[in-house]
Every structure is written in C-alpha cells, then in structure tokens.
$ cat structure22.cif   # mmCIF, C-alpha atoms
data_my_file
loop_
_atom_site.label_atom_id
_atom_site.label_comp_id
_atom_site.auth_asym_id
_atom_site.auth_seq_id
_atom_site.Cartn_x
_atom_site.Cartn_y
_atom_site.Cartn_z
CA MET D 1 -16.87 -31.73 -93.83
CA ALA D 2 -17.34 -27.98 -94.16
CA HIS D 3 -20.55 -28.36 -92.19
CA LYS D 4 -18.73 -30.09 -89.37
CA ARG D 5 -16.04 -27.40 -89.32
CA ASP D 6 -18.68 -24.67 -89.10
CA ARG D 7 -20.35 -26.47 -86.27
CA GLU D 8 -17.06 -26.77 -84.36
CA ALA D 9 -16.27 -23.10 -84.92
CA THR D 10 -19.69 -22.00 -83.69
CA ARG D 11 -19.42 -24.29 -80.68
CA ALA D 12 -16.00 -22.83 -79.81
CA ARG D 13 -17.31 -19.27 -80.09
CA LEU D 14 -20.28 -20.09 -77.89
CA LEU D 15 -17.94 -21.51 -75.25
CA GLU D 16 -15.68 -18.48 -75.42
CA CYS D 17 -18.51 -15.94 -75.14
CA SER D 18 -20.29 -17.84 -72.37
CA ARG D 19 -17.02 -18.11 -70.41
CA LEU D 20 -16.68 -14.35 -70.38
CA ARG D 21 -20.31 -13.82 -69.40
CA PHE D 22 -20.29 -16.48 -66.66
CA ALA D 23 -17.08 -15.01 -65.27
CA ARG D 24 -18.37 -11.45 -65.28
CA ASP D 25 -22.06 -11.91 -64.45
CA GLY D 26 -22.25 -15.28 -62.70
CA TYR D 27 -24.48 -18.19 -63.56
CA ASP D 28 -27.77 -16.48 -62.77
CA GLY D 29 -26.77 -13.25 -64.46
CA THR D 30 -26.04 -15.02 -67.74
CA SER D 31 -28.81 -16.06 -70.11
CA VAL D 32 -28.52 -18.50 -72.99
CA ARG D 33 -30.21 -15.83 -75.10
CA ASP D 34 -27.38 -13.35 -74.39
CA VAL D 35 -24.70 -15.89 -75.26
CA ALA D 36 -26.50 -16.85 -78.46
CA GLY D 37 -26.80 -13.15 -79.29
CA ASP D 38 -23.05 -12.62 -78.84
CA VAL D 39 -22.38 -15.24 -81.49
CA GLY D 40 -25.35 -14.34 -83.68
CA VAL D 41 -27.16 -17.68 -83.52
CA ASP D 42 -30.57 -18.78 -82.33
CA PRO D 43 -30.80 -19.75 -78.62
CA ALA D 44 -32.26 -23.11 -79.72
CA LEU D 45 -28.90 -23.93 -81.29
CA VAL D 46 -27.17 -23.51 -77.92
CA PHE D 47 -29.55 -26.05 -76.39
CA ARG D 48 -29.00 -28.38 -79.36
CA TYR D 49 -25.20 -28.21 -78.96
CA PHE D 50 -24.95 -28.25 -75.16
CA GLY D 51 -28.23 -29.68 -73.88
CA SER D 52 -28.76 -27.13 -71.07
CA LYS D 53 -27.42 -23.93 -69.59
CA SER D 54 -25.87 -25.99 -66.79
CA SER D 55 -23.94 -28.20 -69.26
CA LEU D 56 -22.80 -25.11 -71.16
CA PHE D 57 -21.50 -23.67 -67.90
CA THR D 58 -19.63 -26.87 -66.99
CA GLU D 59 -17.99 -27.10 -70.37
CA ALA D 60 -17.14 -23.40 -70.51
CA MET D 61 -15.52 -23.47 -67.08
CA ALA D 62 -13.66 -26.74 -67.71
CA GLY D 63 -12.23 -26.11 -71.16
CA SER D 64 -9.88 -23.27 -71.95
CA SER D 65 -6.58 -22.84 -73.69
CA ALA D 66 -5.12 -22.23 -70.21
CA PRO D 67 -6.69 -25.17 -68.40
CA VAL D 68 -6.83 -25.37 -64.63
CA VAL D 69 -4.57 -28.28 -63.82
CA LEU D 70 -2.30 -29.12 -60.95
CA PRO D 71 1.25 -28.12 -61.96
CA ASP D 72 3.75 -30.95 -62.50
CA GLY D 73 6.75 -31.59 -60.28
CA PRO D 74 7.54 -32.44 -56.65
CA VAL D 75 4.90 -31.55 -54.08
CA GLU D 76 7.36 -29.21 -52.31
CA GLU D 77 7.24 -26.90 -55.32
CA LEU D 78 3.45 -26.75 -55.40
CA PRO D 79 2.91 -23.76 -53.09
CA ALA D 80 4.97 -21.44 -55.28
CA LYS D 81 3.51 -22.87 -58.50
CA LEU D 82 -0.04 -22.65 -57.22
CA MET D 83 0.46 -19.07 -56.13
CA HIS D 84 1.70 -18.33 -59.63
CA GLN D 85 -1.29 -20.04 -61.21
CA LEU D 86 -3.99 -18.65 -58.92
CA VAL D 87 -2.67 -15.14 -58.49
CA PHE D 88 -0.31 -14.16 -61.28
CA GLU D 89 -1.23 -16.06 -64.43
CA ASP D 90 -3.01 -14.20 -67.23
CA TRP D 91 -6.67 -15.20 -67.06
CA SER D 92 -7.91 -12.69 -69.61
CA GLU D 93 -10.07 -15.40 -71.18
CA TYR D 94 -11.99 -15.48 -67.92
CA ALA D 95 -12.46 -11.71 -67.70
CA GLY D 96 -9.15 -11.53 -65.80
CA GLU D 97 -9.99 -13.95 -63.00
CA HIS D 98 -8.93 -17.48 -62.23
CA PRO D 99 -11.81 -19.81 -63.23
CA LEU D 100 -12.24 -20.98 -59.63
CA ILE D 101 -12.74 -17.40 -58.53
CA ALA D 102 -15.15 -16.86 -61.40
CA MET D 103 -17.06 -19.99 -60.33
CA LEU D 104 -17.42 -18.60 -56.81
CA ARG D 105 -19.71 -15.96 -58.23
CA SER D 106 -22.17 -18.72 -59.06
CA ALA D 107 -21.64 -20.80 -55.92
CA GLY D 108 -25.06 -19.85 -54.56
CA HIS D 109 -26.30 -22.75 -56.69
CA GLU D 110 -25.92 -26.15 -55.05
CA ASP D 111 -24.67 -27.88 -58.21
CA THR D 112 -22.04 -25.21 -58.83
CA LYS D 113 -21.02 -25.36 -55.20
CA ASP D 114 -20.61 -29.15 -55.40
CA ARG D 115 -18.56 -28.91 -58.59
CA LEU D 116 -16.42 -26.14 -57.12
CA ARG D 117 -15.79 -28.11 -53.93
CA GLN D 118 -14.86 -31.19 -55.95
CA GLN D 119 -12.42 -29.21 -58.11
CA VAL D 120 -10.81 -27.55 -55.11
CA CYS D 121 -10.50 -30.78 -53.10
CA GLU D 122 -9.60 -33.31 -55.78
CA GLY D 123 -7.78 -30.88 -58.04
CA TYR D 124 -5.59 -29.18 -55.44
CA LEU D 125 -5.96 -29.97 -51.76
CA ASP D 126 -5.62 -33.76 -51.88
CA VAL D 127 -2.14 -33.53 -53.39
CA LEU D 128 -1.08 -30.46 -51.44
CA SER D 129 -1.93 -32.18 -48.16
CA GLN D 130 1.18 -34.36 -48.52
CA LEU D 131 3.13 -31.27 -47.43
CA ALA D 132 1.45 -31.48 -44.04
CA ASP D 133 2.17 -35.19 -43.55
CA GLY D 134 2.98 -35.94 -39.95
CA ASN D 135 0.50 -33.43 -38.52
CA GLU D 136 -2.71 -34.85 -37.12
CA ASP D 137 -4.66 -31.87 -38.49
CA LYS D 138 -3.01 -32.08 -41.92
CA ASN D 139 -6.25 -31.50 -43.83
CA LEU D 140 -7.06 -28.40 -41.82
CA ARG D 141 -3.56 -27.03 -42.43
CA THR D 142 -3.91 -27.71 -46.15
CA GLU D 143 -7.32 -26.06 -46.42
CA LEU D 144 -5.97 -23.05 -44.50
CA PHE D 145 -3.14 -22.71 -47.01
CA GLY D 146 -5.56 -23.08 -49.93
CA ALA D 147 -7.78 -20.45 -48.34
CA TRP D 148 -4.86 -18.05 -48.30
CA LEU D 149 -4.05 -18.45 -52.00
CA LEU D 150 -7.72 -18.14 -52.90
CA GLY D 151 -8.11 -15.04 -50.74
CA ILE D 152 -5.07 -13.39 -52.34
CA GLY D 153 -6.47 -14.07 -55.81
CA ILE D 154 -9.81 -12.59 -54.80
CA LEU D 155 -8.42 -9.44 -53.16
CA ARG D 156 -6.14 -8.91 -56.16
CA THR D 157 -8.71 -9.35 -58.90
CA ALA D 158 -12.31 -9.31 -57.66
CA VAL D 159 -11.86 -6.67 -54.92
CA GLY D 160 -8.77 -4.91 -56.21
CA THR D 161 -7.17 -3.84 -52.92
CA PRO D 162 -4.48 -1.29 -53.81
CA THR D 163 -1.26 -3.01 -52.71
CA LEU D 164 -2.03 -6.55 -53.83
CA ALA D 165 -3.37 -5.31 -57.14
CA LYS D 166 0.11 -3.96 -57.91
CA ALA D 167 2.30 -6.54 -56.12
CA THR D 168 4.75 -8.71 -58.06
CA GLU D 169 5.45 -12.38 -57.53
CA GLU D 170 8.82 -11.30 -56.12
CA ASP D 171 7.09 -9.10 -53.50
CA LEU D 172 5.07 -12.07 -52.28
CA ARG D 173 7.87 -14.62 -52.18
CA PRO D 174 9.14 -14.00 -48.61
CA HIS D 175 5.60 -14.01 -47.26
CA LEU D 176 4.80 -17.22 -49.12
CA ALA D 177 7.81 -18.82 -47.45
CA ALA D 178 6.77 -17.60 -43.99
CA VAL D 179 3.10 -18.61 -44.25
CA ALA D 180 3.83 -21.99 -45.88
CA GLU D 181 6.27 -22.82 -43.09
CA ALA D 182 3.80 -21.60 -40.44
CA LEU D 183 1.02 -23.81 -41.83
CA PHE D 184 2.84 -26.89 -43.08
CA GLY D 185 5.27 -26.87 -40.18
CA ARG D 186 8.34 -27.15 -42.38
CA PRO D 187 10.30 -25.02 -44.85
CA VAL D 188 8.93 -24.96 -48.38
CA PRO D 189 11.00 -23.68 -51.34
CA THR D 190 9.58 -20.50 -52.85
CA ASP D 191 12.14 -19.55 -55.48
CA GLY D 192 9.75 -20.45 -58.31
CA MET A 193 -49.31 6.76 -37.52
CA ALA A 194 -50.62 3.32 -38.45
CA HIS A 195 -49.83 4.15 -42.05
CA LYS A 196 -46.26 5.05 -41.20
CA ARG A 197 -45.82 1.87 -39.16
CA ASP A 198 -47.09 -0.24 -42.08
CA ARG A 199 -44.68 1.45 -44.40
CA GLU A 200 -41.76 0.83 -42.04
CA ALA A 201 -42.74 -2.83 -41.66
CA THR A 202 -42.98 -3.33 -45.42
CA ARG A 203 -39.67 -1.58 -45.93
CA ALA A 204 -38.00 -3.81 -43.35
CA ARG A 205 -39.42 -6.95 -44.95
CA LEU A 206 -38.24 -5.84 -48.39
CA LEU A 207 -34.74 -5.31 -47.01
CA GLU A 208 -34.74 -8.71 -45.32
CA CYS A 209 -35.95 -10.59 -48.40
CA SER A 210 -33.64 -8.76 -50.78
CA ARG A 211 -30.68 -9.42 -48.47
CA LEU A 212 -31.30 -13.16 -48.73
CA ARG A 213 -31.72 -13.04 -52.49
CA PHE A 214 -28.66 -10.82 -53.09
CA ALA A 215 -26.59 -13.13 -50.88
CA ARG A 216 -27.77 -16.29 -52.60
CA ASP A 217 -28.16 -15.19 -56.22
CA GLY A 218 -25.92 -12.14 -56.54
CA TYR A 219 -26.87 -8.72 -57.82
CA ASP A 220 -27.60 -9.77 -61.39
CA GLY A 221 -29.49 -12.88 -60.34
CA THR A 222 -31.89 -10.89 -58.18
CA SER A 223 -34.81 -9.00 -59.69
CA VAL A 224 -36.87 -6.31 -57.99
CA ARG A 225 -39.91 -8.26 -59.15
CA ASP A 226 -38.81 -11.35 -57.18
CA VAL A 227 -38.18 -9.33 -54.04
CA ALA A 228 -41.54 -7.61 -54.35
CA GLY A 229 -43.15 -11.02 -54.86
CA ASP A 230 -41.57 -12.38 -51.67
CA VAL A 231 -43.24 -9.61 -49.69
CA GLY A 232 -46.44 -9.58 -51.73
CA VAL A 233 -46.25 -5.99 -52.95
CA ASP A 234 -46.10 -4.37 -56.36
CA PRO A 235 -42.56 -3.87 -57.81
CA ALA A 236 -43.38 -0.18 -58.25
CA LEU A 237 -43.53 0.12 -54.47
CA VAL A 238 -39.93 -1.10 -54.20
CA PHE A 239 -38.81 1.66 -56.57
CA ARG A 240 -40.88 4.19 -54.62
CA TYR A 241 -39.26 3.17 -51.32
CA PHE A 242 -35.68 2.68 -52.48
CA GLY A 243 -35.31 4.55 -55.77
CA SER A 244 -33.43 1.84 -57.65
CA LYS A 245 -32.23 -1.74 -57.44
CA SER A 246 -28.74 -0.44 -56.75
CA SER A 247 -29.92 1.61 -53.75
CA LEU A 248 -31.89 -1.35 -52.45
CA PHE A 249 -28.74 -3.45 -52.67
CA THR A 250 -26.62 -0.88 -50.83
CA GLU A 251 -29.13 -0.53 -48.05
CA ALA A 252 -29.72 -4.28 -47.76
CA MET A 253 -26.02 -5.02 -47.53
CA ALA A 254 -25.28 -2.15 -45.12
CA GLY A 255 -28.10 -2.56 -42.64
CA SER A 256 -28.60 -5.69 -40.59
CA SER A 257 -29.22 -6.53 -36.96
CA ALA A 258 -25.66 -7.91 -36.98
CA PRO A 259 -23.88 -5.00 -38.65
CA VAL A 260 -20.42 -5.36 -40.14
CA VAL A 261 -18.27 -3.18 -37.93
CA LEU A 262 -14.70 -3.29 -36.79
CA PRO A 263 -14.65 -4.89 -33.32
CA ASP A 264 -13.70 -2.63 -30.38
CA GLY A 265 -10.54 -2.98 -28.36
CA PRO A 266 -6.76 -2.88 -28.86
CA VAL A 267 -5.47 -3.55 -32.38
CA GLU A 268 -3.53 -6.60 -31.12
CA GLU A 269 -6.83 -8.35 -30.47
CA LEU A 270 -8.20 -7.65 -33.94
CA PRO A 271 -6.91 -10.76 -35.73
CA ALA A 272 -8.74 -13.14 -33.38
CA LYS A 273 -11.86 -10.96 -33.31
CA LEU A 274 -11.93 -10.58 -37.07
CA MET A 275 -11.54 -14.31 -37.56
CA HIS A 276 -14.49 -14.77 -35.22
CA GLN A 277 -16.58 -12.23 -37.13
CA LEU A 278 -15.67 -13.32 -40.66
CA VAL A 279 -15.60 -17.06 -40.13
CA PHE A 280 -17.59 -18.10 -37.08
CA GLU A 281 -20.36 -15.58 -36.48
CA ASP A 282 -23.93 -16.57 -37.34
CA TRP A 283 -24.77 -14.85 -40.59
CA SER A 284 -28.07 -16.63 -41.18
CA GLU A 285 -29.67 -13.33 -42.19
CA TYR A 286 -27.28 -13.31 -45.14
CA ALA A 287 -28.02 -16.90 -46.17
CA GLY A 288 -25.21 -18.05 -43.86
CA GLU A 289 -22.42 -15.95 -45.33
CA HIS A 290 -20.61 -12.87 -44.12
CA PRO A 291 -21.98 -9.87 -46.07
CA LEU A 292 -18.57 -9.17 -47.60
CA ILE A 293 -18.49 -12.69 -49.01
CA ALA A 294 -22.04 -12.28 -50.24
CA MET A 295 -21.05 -9.00 -51.91
CA LEU A 296 -18.24 -10.78 -53.76
CA ARG A 297 -20.86 -12.63 -55.74
CA SER A 298 -21.86 -9.31 -57.26
CA ALA A 299 -18.37 -7.87 -57.65
CA GLY A 300 -18.49 -8.25 -61.46
CA HIS A 301 -20.23 -4.87 -61.33
CA GLU A 302 -17.86 -1.94 -61.10
CA ASP A 303 -19.96 -0.06 -58.53
CA THR A 304 -20.22 -3.13 -56.27
CA LYS A 305 -16.50 -3.74 -56.66
CA ASP A 306 -15.75 -0.14 -55.65
CA ARG A 307 -18.04 -0.35 -52.63
CA LEU A 308 -16.57 -3.69 -51.62
CA ARG A 309 -13.00 -2.40 -51.93
CA GLN A 310 -13.88 0.67 -49.88
CA GLN A 311 -15.47 -1.45 -47.14
CA VAL A 312 -12.54 -3.85 -47.01
CA CYS A 313 -9.90 -1.10 -46.99
CA GLU A 314 -11.51 1.56 -44.81
CA GLY A 315 -13.47 -0.85 -42.64
CA TYR A 316 -10.73 -3.34 -41.85
CA LEU A 317 -7.32 -3.04 -43.44
CA ASP A 318 -6.51 0.56 -42.51
CA VAL A 319 -6.77 -0.19 -38.79
CA LEU A 320 -5.29 -3.68 -39.00
CA SER A 321 -2.19 -2.33 -40.73
CA GLN A 322 -1.03 -0.85 -37.41
CA LEU A 323 -0.03 -4.39 -36.50
CA ALA A 324 2.56 -4.35 -39.25
CA ASP A 325 4.07 -0.99 -38.22
CA GLY A 326 7.82 -0.96 -38.70
CA ASN A 327 7.75 -3.07 -41.87
CA GLU A 328 8.27 -1.22 -45.12
CA ASP A 329 5.72 -3.46 -46.83
CA LYS A 330 3.16 -3.09 -44.04
CA ASN A 331 0.20 -2.66 -46.40
CA LEU A 332 1.10 -5.80 -48.35
CA ARG A 333 1.40 -7.78 -45.11
CA THR A 334 -1.96 -6.51 -43.95
CA GLU A 335 -3.71 -7.31 -47.23
CA LEU A 336 -2.17 -10.80 -47.16
CA PHE A 337 -3.59 -11.36 -43.69
CA GLY A 338 -6.99 -10.05 -44.75
CA ALA A 339 -6.85 -12.34 -47.78
CA TRP A 340 -6.36 -15.30 -45.47
CA LEU A 341 -9.40 -14.53 -43.32
CA LEU A 342 -11.52 -13.90 -46.40
CA GLY A 343 -10.32 -17.14 -48.00
CA ILE A 344 -11.14 -19.13 -44.87
CA GLY A 345 -14.64 -17.67 -44.76
CA ILE A 346 -15.14 -18.52 -48.43
CA LEU A 347 -13.86 -22.11 -48.23
CA ARG A 348 -15.96 -22.67 -45.12
CA THR A 349 -19.25 -21.26 -46.39
CA ALA A 350 -19.32 -20.72 -50.16
CA VAL A 351 -17.23 -23.77 -51.15
CA GLY A 352 -17.75 -25.95 -48.07
CA THR A 353 -14.42 -27.83 -48.00
CA PRO A 354 -14.90 -30.72 -45.58
CA THR A 355 -12.44 -29.93 -42.78
CA LEU A 356 -12.95 -26.19 -42.55
CA ALA A 357 -16.72 -26.61 -42.73
CA LYS A 358 -16.54 -28.54 -39.45
CA ALA A 359 -13.63 -26.78 -37.75
CA THR A 360 -14.13 -24.94 -34.46
CA GLU A 361 -12.62 -21.63 -33.46
CA GLU A 362 -10.41 -23.61 -31.05
CA ASP A 363 -9.07 -25.74 -33.92
CA LEU A 364 -7.98 -22.63 -35.79
CA ARG A 365 -6.41 -20.78 -32.87
CA PRO A 366 -2.84 -22.20 -33.11
CA HIS A 367 -2.78 -21.61 -36.87
CA LEU A 368 -4.06 -18.06 -36.44
CA ALA A 369 -1.17 -17.43 -34.05
CA ALA A 370 1.38 -18.90 -36.47
CA VAL A 371 0.13 -17.07 -39.58
CA ALA A 372 -0.38 -13.74 -37.81
CA GLU A 373 3.17 -13.88 -36.48
CA ALA A 374 4.51 -14.92 -39.91
CA LEU A 375 2.80 -11.98 -41.61
CA PHE A 376 2.92 -9.20 -39.01
CA GLY A 377 6.38 -10.19 -37.86
CA ARG A 378 5.45 -10.23 -34.18
CA PRO A 379 3.39 -12.37 -31.80
CA VAL A 380 -0.32 -11.61 -31.75
CA PRO A 381 -2.63 -12.85 -28.94
CA THR A 382 -5.18 -15.39 -30.17
CA ASP A 383 -6.95 -16.43 -26.99
CA GLY A 384 -10.15 -14.64 -28.01
#

$ encode --input "structure22.cif" --output "structure tokens"
Amino acid sequence: MAHKRDREATRARLLECSRLRFARDGYDGTSVRDVAGDVGVDPALVFRYFGSKSSLFTEAMAGSSAPVVLPDGPVEELPAKLMHQLVFEDWSEYAGEHPLIAMLRSAGHEDTKDRLRQQVCEGYLDVLSQLADGNEDKNLRTELFGAWLLGIGILRTAVGTPTLAKATEEDLRPHLAAVAEALFGRPVPTDG
Amino acid sequence: MAHKRDREATRARLLECSRLRFARDGYDGTSVRDVAGDVGVDPALVFRYFGSKSSLFTEAMAGSSAPVVLPDGPVEELPAKLMHQLVFEDWSEYAGEHPLIAMLRSAGHEDTKDRLRQQVCEGYLDVLSQLADGNEDKNLRTELFGAWLLGIGILRTAVGTPTLAKATEEDLRPHLAAVAEALFGRPVPTDG
C-alpha cells in the first residue's frame, strides 16, 4: 500500500512539474530528462509511468485541480463565464496562462494542433454556437467570438499589453456586451 | 567580391531556414545546430555571422521579403487592412503564420515577450488607438480590437478551426464592420 501511495505521489509531482515546463517552454522546449530532474527521479521512470513524452503532455494538459470545462448554466450566460475562465481565472498552475493558450505554444506539432482544435471545437464552440442560431453563418460568428476571447487572453498574459494586463472584469463588461451582440446578432447578458 | 557574395548568400539562407524553424518549433525547439545543418554549414559559422541564437532569432523575425509594417493610408482604413495582413496575407515564408503569431510560440522567454509587446504596441496599437479618440478607455478598446484580429489569425492558422480556416475576406467583412463599430464606437469602412 505504501508503495502504491509513493507511486501516486511521484506521478502527481511529475504531472505538476511537466505542466509548468510545457506551459513555459512548449512541447519541444521541454525534455523528459528535465521533468525527471525536477522531481529527482530517473527519466526511465517517467517513460514507465506515462509511456511517452506525448502521453505525459496530454495528461499534464488535461488534468489539473482547475480543469478546463465548459461552465454550467444556460447558453446565454456562456460568453461572460467563458471570458471569466479564459481571461480572469487564476492559472498559476499553468505558469499563469490558460491551458489552451499554453498548448498554443506547442501547436507547431500536428498532434498537438489536432488535440487543441478538438478541445476548442468540442469543448467550447459547439455549445456556444447555439447563441448564433438563426444565422446562416452561425459557425463563423461563433469562431469569431471564440477568437476574441482567445486573443484577449493572449494579449493579457502571453504578450502583456499594458491596458489589458491591468484591466478588471468590470472594465471589460460593456465591451463584452457590445461585441457579443455584434457577433451573435442579439443581446447577451454580461452581468456575470 | 565573390567571397562577399557567397557570405551574403549563406547568411540569407541561414535566415530563411531559421525563420521556418522558429515559426514551426519555437525559440526553445530550434537549435543553431539544426539551422546550420539545413544550410550545410558548421554551427560555428552561424555564431560568427549572427553572434548568438537570440540575435539570429531577432533578425530572422524582423527581416523578410514581406515585412511586418503598418499599412499606409488613413487610420479609418487600418482595421480592414490589418485584418488582411494578419489573417489573409500569404505568410508561407513563416510556415504559413504571421510572424507575430509565430513569435507567440516563443513568448515564454522574457526577452521575446518584451520584443513582441513592443512590436504589437508601437507597431500597431499606438496608431490604431486614434480610432477610439474621444473614449476615456480608448487604449482598452484598441487592445480589445487587436486581440480580436490576433485571435482570428491564431484560430485560422495555428488551431485551424474548420469555418475560419476556409473563410474568405468577403465572409468576414460584415463582422469586421460590426465589431469595429462596437469597439471603436463609430462606423469604420470595411470595403478593403
């Protein structure tokens, strides 16, 4: 039993350390040797636990105590909740960035790009597109809204433009209302 | 003279190959050895020509036959022209991505992040903010518009969401008009 507990603890620490490295340095910039070194184990153990660097990456990006999930509630409330999640939540476990933004750093790899696209489409856009029901280009409208939230998250964290880096959720609320209405073609509540 | 021409040709090929690698693999994922190998020269020559990997990166990202510059003309025409440049121009020299998007992949490094922020702010946002004159939060509005263009470019190229990946400039025009008016608080021409 103690053996199993040790194994679980080591596994958890490997995930935590690799998450930080993948977020900061990208997939290519992270080596299994570095991650093993952070935890003080042999690189062979990482391969034994996770199979490959790619599987380690998938598991590190998927699991977290603040998982990336679509918020509950009516679809009308999604824009405000998604802005909160993508832009304002505390992602310190991921070196301060939303995991999707961290994954972008590794999107030069086809398999990361596929996984990222799947997460963005199935995890967010498919549900969000209900807001654009009735428009023949509803998917385009939805992707354009998703692009906006993603871009705000990137300018705020990865680029650090001066005004967005300091903006509060309250500062963004009126603009969220205006852009959501412009794209979805109907008013969307933004009072959180 | 022949010697100097050879040197210039080698230098140009090193810049071209490193540009592709930096765009695809990020700063950390690119080694001087790989770039030298692409061109068939010794890595020491790369250091002799460029001084350091960081200088090679700066020069590769800055120089291109399709340089990243603010389009000419009245500020009112900038939104449509910037959307064209960021989203629809042919960036095949940068592995198909706008150089700013390629640079994002390396923005885990503080010096890349600083350079990226400087390029985004001084190169684009400072001029674009004239469109929001008269609003007390003009810089926030401008950054939010820049975030949108950046996000569209990223979803289209780095993530490859299905609708945006196939959209034409014509498809986006009405939405550009709606979002630009929502953010700048006044109509903006979008007929290219």

$ interface_residues --input "structure22.cif" --of "chain D" --to "chain A" --cutoff "9 Å" --atoms "only C-alpha atoms" --output "ChimeraX atom specification"
/D:23-30,104-109,113-114,116-118,120-121,137,139-141,143-155,158-164,167,171-172,175,178-183

$ residues_around --input "structure22.cif" --residues "Arg225 in chain A" --least-positions-apart "3" --cutoff "8 Å" --atoms "all atoms listed in the file" --output "PDB file with C-alpha atoms, keeping the file's coordinate frame"
ATOM      1  CA  ALA A 228     -41.540  -7.610 -54.350  1.00  0.00           C
ATOM      2  CA  GLY A 229     -43.150 -11.020 -54.860  1.00  0.00           C
ATOM      3  CA  ASP A 234     -46.100  -4.370 -56.360  1.00  0.00           C
ATOM      4  CA  PRO A 235     -42.560  -3.870 -57.810  1.00  0.00           C
TER       5      PRO A 235
END

$ residues_near_point --input "structure22.cif" --point "(0.1, -31.3, -52.8)" --cutoff "9 Å" --atoms "all atoms listed in the file" --output "ChimeraX atom specification"
/D:70,74-79,124-132,142

$ atom_distance --input "structure22.cif" --atom1 "CA of His3 in chain D" --atom2 "CA of Phe47 in chain D"
18.3 Å

$ atom_distance --input "structure22.cif" --atom1 "CA of Asn327 in chain A" --atom2 "CA of Glu169 in chain D"
18.4 Å

$ atom_distance --input "structure22.cif" --atom1 "CA of Phe57 in chain D" --atom2 "CA of Asp90 in chain D"
20.8 Å

$ resolve_selection --input "structure22.cif" --expression "the PyMOL selection byres ((chain D and resi 38) around 12)" --output "VMD selection string"
chain D and resid 10 13 to 21 30 to 37 39 to 43 46

$ axis_aligned_box --input "structure22.cif" --around "range 309-321 of chain A" --padding-each-side "4 Å" --output "JSON"
{"center_x": -8.8, "center_y": -1.1, "center_z": -45.4, "size_x": 21.3, "size_y": 13.4, "size_z": 21.1}
